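*Asks:* Structure file entry38.cif, mmCIF, C-alpha atoms, is pasted below:
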data_run
loop_
_atom_site.label_atom_id
_atom_site.label_comp_id
_atom_site.auth_asym_id
_atom_site.auth_seq_id
_atom_site.Cartn_x
_atom_site.Cartn_y
_atom_site.Cartn_z
CA GLN A 1 164.19 -87.22 88.96
CA ALA A 2 165.63 -86.69 85.40
CA THR A 3 167.90 -83.74 84.74
CA PRO A 4 166.40 -81.13 82.42
CA ARG A 5 167.96 -81.24 78.94
CA THR A 6 168.67 -78.32 76.65
CA LYS A 7 166.95 -77.77 73.32
CA LYS A 8 170.10 -78.84 71.48
CA GLN A 9 170.28 -82.13 73.38
CA ARG A 10 166.60 -82.91 72.71
CA ARG A 11 167.07 -82.25 68.98
CA PHE A 12 170.13 -84.51 68.86
CA THR A 13 168.34 -87.43 70.53
CA ARG A 14 165.31 -87.01 68.26
CA LEU A 15 167.55 -87.04 65.15
CA ARG A 16 169.43 -90.06 66.47
CA ARG A 17 166.15 -91.94 66.92
CA LEU A 18 165.04 -91.09 63.38
CA SER A 19 168.40 -91.78 61.74
CA PRO A 20 168.53 -95.00 59.65
CA THR A 21 172.24 -95.48 60.32
CA HIS A 22 171.59 -96.89 63.78
CA THR A 23 169.41 -99.72 62.54
CA MET A 24 171.45 -102.81 61.75
CA SER A 25 170.27 -104.89 58.81
CA THR A 26 171.85 -108.06 57.53
CA ALA A 27 170.49 -107.73 53.98
CA PRO A 28 173.21 -107.76 51.31
CA VAL A 29 173.82 -104.49 49.51
CA ALA A 30 172.99 -104.67 45.81
CA ALA A 31 175.61 -103.47 43.33
CA ALA A 32 174.88 -100.20 41.58
CA PRO A 33 173.70 -100.59 37.97
CA ALA A 34 176.24 -99.81 35.26
CA GLN A 35 175.93 -96.20 34.18
CA GLU A 36 176.25 -94.92 30.64
CA PRO A 37 179.39 -92.96 29.86
CA LYS A 38 178.92 -89.31 30.72
CA VAL A 39 178.42 -86.95 27.80
CA SER A 40 179.64 -83.41 28.21
CA ARG A 41 177.06 -80.67 28.55
CA LYS A 42 178.24 -79.03 25.34
CA LYS A 43 177.66 -82.24 23.34
CA LEU A 44 174.16 -82.52 24.79
CA LYS A 45 173.41 -78.97 23.73
CA GLN A 46 174.80 -79.61 20.23
CA ASN A 47 172.44 -82.57 19.76
CA ASP A 48 169.44 -80.68 21.11
CA GLY A 49 168.47 -79.18 17.74
CA ILE A 50 168.06 -75.53 16.92
CA ASN A 51 167.27 -74.46 20.50
CA GLY A 52 170.49 -75.93 21.87
CA ARG A 53 172.53 -74.47 19.06
CA LEU A 54 170.91 -71.08 19.64
CA GLN A 55 171.87 -71.21 23.32
CA ILE A 56 175.50 -71.84 22.36
CA VAL A 57 175.40 -68.91 19.93
CA MET A 58 173.98 -66.70 22.69
CA ARG A 59 176.85 -67.64 24.99
CA SER A 60 179.79 -67.61 22.61
CA GLY A 61 178.80 -65.93 19.34
CA LYS A 62 177.60 -62.61 17.99
CA TYR A 63 174.02 -61.93 16.97
CA THR A 64 171.43 -59.22 16.56
CA LEU A 65 167.79 -59.41 17.56
CA GLY A 66 165.00 -57.53 15.83
CA TYR A 67 163.88 -56.45 12.40
CA LYS A 68 165.85 -53.21 12.03
CA THR A 69 169.19 -54.66 13.11
CA VAL A 70 168.66 -57.74 10.93
CA LEU A 71 168.23 -55.50 7.89
CA LYS A 72 171.33 -53.50 8.87
CA SER A 73 173.44 -56.65 9.20
CA LEU A 74 172.14 -57.94 5.85
CA ARG A 75 172.91 -54.66 4.10
CA SER A 76 176.42 -54.57 5.53
CA GLY A 77 176.99 -58.21 4.55
CA LYS A 78 177.98 -59.36 8.06
CA SER A 79 175.13 -61.79 8.54
CA LYS A 80 175.72 -65.56 8.23
CA LEU A 81 172.25 -66.88 9.07
CA ILE A 82 168.80 -65.35 9.55
CA ILE A 83 166.18 -66.97 11.78
CA ILE A 84 162.54 -65.88 11.36
CA SER A 85 159.67 -66.91 13.65
CA ASN A 86 156.54 -68.43 12.14
CA ASN A 87 154.26 -65.50 13.06
CA CYS A 88 156.43 -62.77 11.56
CA PRO A 89 154.23 -60.61 9.28
CA PRO A 90 154.33 -61.82 5.64
CA LEU A 91 155.52 -58.52 4.15
CA ARG A 92 158.34 -58.26 6.68
CA LYS A 93 159.25 -61.92 6.13
CA SER A 94 159.42 -61.52 2.35
CA GLU A 95 161.52 -58.36 2.70
CA ILE A 96 164.02 -60.14 4.94
CA GLU A 97 164.12 -63.12 2.55
CA TYR A 98 164.75 -60.77 -0.39
CA TYR A 99 167.64 -59.03 1.40
CA ALA A 100 169.05 -62.43 2.42
CA MET A 101 168.87 -63.66 -1.18
CA LEU A 102 170.81 -60.59 -2.35
CA ALA A 103 173.39 -61.07 0.40
CA LYS A 104 173.60 -64.85 -0.27
CA THR A 105 172.70 -65.56 3.36
CA GLY A 106 170.78 -68.58 4.63
CA VAL A 107 167.31 -68.19 6.12
CA HIS A 108 165.85 -70.58 8.67
CA HIS A 109 162.11 -70.50 9.40
CA TYR A 110 161.79 -71.18 13.13
CA SER A 111 158.92 -73.55 13.90
CA GLY A 112 157.74 -71.62 16.98
CA ASN A 113 156.25 -68.17 17.31
CA ASN A 114 158.08 -65.02 18.38
CA VAL A 115 157.57 -65.78 22.09
CA ASP A 116 159.20 -69.20 21.64
CA LEU A 117 162.10 -67.72 19.67
CA GLY A 118 162.69 -65.13 22.38
CA THR A 119 162.61 -67.82 25.05
CA SER A 120 165.06 -70.05 23.19
CA CYS A 121 167.36 -67.02 22.91
CA GLY A 122 167.21 -66.67 26.68
CA ARG A 123 165.27 -63.42 26.58
CA TYR A 124 162.04 -62.49 28.35
CA TYR A 125 160.67 -60.61 25.36
CA ARG A 126 159.43 -61.53 21.88
CA VAL A 127 161.89 -61.89 19.01
CA SER A 128 160.39 -62.09 15.51
CA CYS A 129 163.71 -62.36 13.67
CA MET A 130 167.38 -62.58 14.46
CA SER A 131 170.65 -62.49 12.59
CA ILE A 132 173.72 -64.54 13.51
CA THR A 133 176.93 -62.74 12.54
CA ASP A 134 179.39 -65.05 14.33
CA PRO A 135 178.30 -68.55 15.43
CA GLY A 136 181.02 -68.92 18.07
CA ASP A 137 181.34 -72.53 19.27
CA SER A 138 178.08 -73.60 17.64
CA ASP A 139 177.70 -75.46 14.35
CA ILE A 140 174.35 -73.84 13.63
CA ILE A 141 175.32 -72.52 10.18
CA LYS A 142 176.49 -75.94 8.93
CA ALA A 143 173.56 -77.73 10.55
CA MET A 144 170.79 -75.65 8.97
CA PRO A 145 169.92 -77.13 5.56
CA GLU A 146 168.89 -73.78 4.04
CA ALA A 147 172.19 -72.10 4.90
#
How does this structure look as structure tokens?

*Replies:*
Amino acid sequence: QATPRTKKQRRFTRLRRLSPTHTMSTAPVAAAPAQEPKVSRKKLKQNDGINGRLQIVMRSGKYTLGYKTVLKSLRSGKSKLIIISNNCPPLRKSEIEYYAMLAKTGVHHYSGNNVDLGTSCGRYYRVSCMSITDPGDSDIIKAMPEA
């Protein structure tokens, strides 16, 4: 009569039966395909367009989100770039553009709506406009043609 095994022993034998390492095959092992040189994560983000550049600004730069703080940064002359979503109200948009023209600051019209702009900023709320005061490690100010 067989000796009763513990739960641990039964699990080990079941895993050993299922394990592919115990099966011996004589097939030759194919060489791994040549991989492309690895690109750093920062370079990937830089090449990602405005969304990637915005993420870098969020991590390493200074910015303000929202209409009131954008106007404050424009009036004080600290702003380097303004980003406006495509569904910002026309009167508000023209007012921001007028202040930016007086402050000689670039304006970028974001292609997505305010939900998309908030998401690309890493926020869970809507952002109709934002002001970048210090880009940090990002090249967003040089990369935007309007700036």

*Asks:* Which one is closest to Val107 of chain A: A:Val127, A:Leu91, A:Thr119, A:Ile140? Count all atoms listed in the file.

*Replies:* A:Ile140

*Asks:* Using all atoms listed in the file, pick whichever of A:Lys104, A:Asn51, A:Leu71, A:Ile82 has the shortest atom-to-atom distance to Asp116 of chain A.

*Replies:*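 Of A:Lys104, A:Asn51, A:Leu71, A:Ile82, the one nearest Asp116 of chain A, counting all atoms listed in the file, is A:Asn51.
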
*Asks:* Can you spell out as a PyMOL selection string the set of residues that the PyMOL selection byres ((chain A and resi 144) around 12) selects in the structure I just provided?

*Replies:* chain A and resi 49-50+53-54+80-83+105-110+138-143+145-147

*Asks:* Just want the 12 Å neighbourhood of Lys78 of chain A, counted on all atoms listed in the file, with same-chain residues fewer than 2 positions away dropped. Output as a list in words.

*Replies:*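 My reading of the contact set: Lys62, Tyr63, Thr64, Thr69, Val70, Leu71, Lys72, Ser73, Leu74, Arg75, Ser76, Lys80, Leu81, Ile82, Ala100, Ala103, Lys104, Thr105, Ser131, Ile132, Thr133, Asp134 and Pro135 of chain A.
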
*Asks:* Using only C-alpha atoms, can you list as JSON, numbers by chain the residues within 6 Å of (160.2, -67.4, 7.8)?

*Replies:* {"A": [84, 85, 86, 93, 109]}

*Asks:* Could you state the separation of atom CA of Val57 of chain A and atom CA of Gly136 of chain A in Å, given to one decimal place?

*Replies:* 5.9 Å

*Asks:* Mind giving me the straight-line distance from atom CA of Cys121 of chain A to atom CA of Tyr67 of chain A in Å, one decimal?

*Replies:*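 Taking atom CA of Cys121 of chain A as the start and atom CA of Tyr67 of chain A as the end point, the length is 15.3 Å.
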
*Asks:* Between atom CA of Arg59 of chain A and atom CA of Ser79 of chain A, measure the distance and give it in Å to one decimal.

*Replies:*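 Result for atom CA of Arg59 of chain A versus atom CA of Ser79 of chain A: 17.5 Å, one decimal.
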
*Asks:* In terms of the shortest atom-to-atom distance over all atoms listed in the file, which of A:Pro90, A:Cys129, A:Asp137, A:Gly77 is closest to Gly112 of chain A?

*Replies:*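 Between A:Pro90, A:Cys129, A:Asp137, A:Gly77, the residue approaching Gly112 of chain A most closely is A:Cys129.
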
*Asks:* Between A:Gly118, A:Ile96, A:Ser111, A:Met101, single out the one closest to Met58 of chain A, counting all atoms listed in the file.

*Replies:*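 Selected residue with least distance to Met58 of chain A: A:Gly118.
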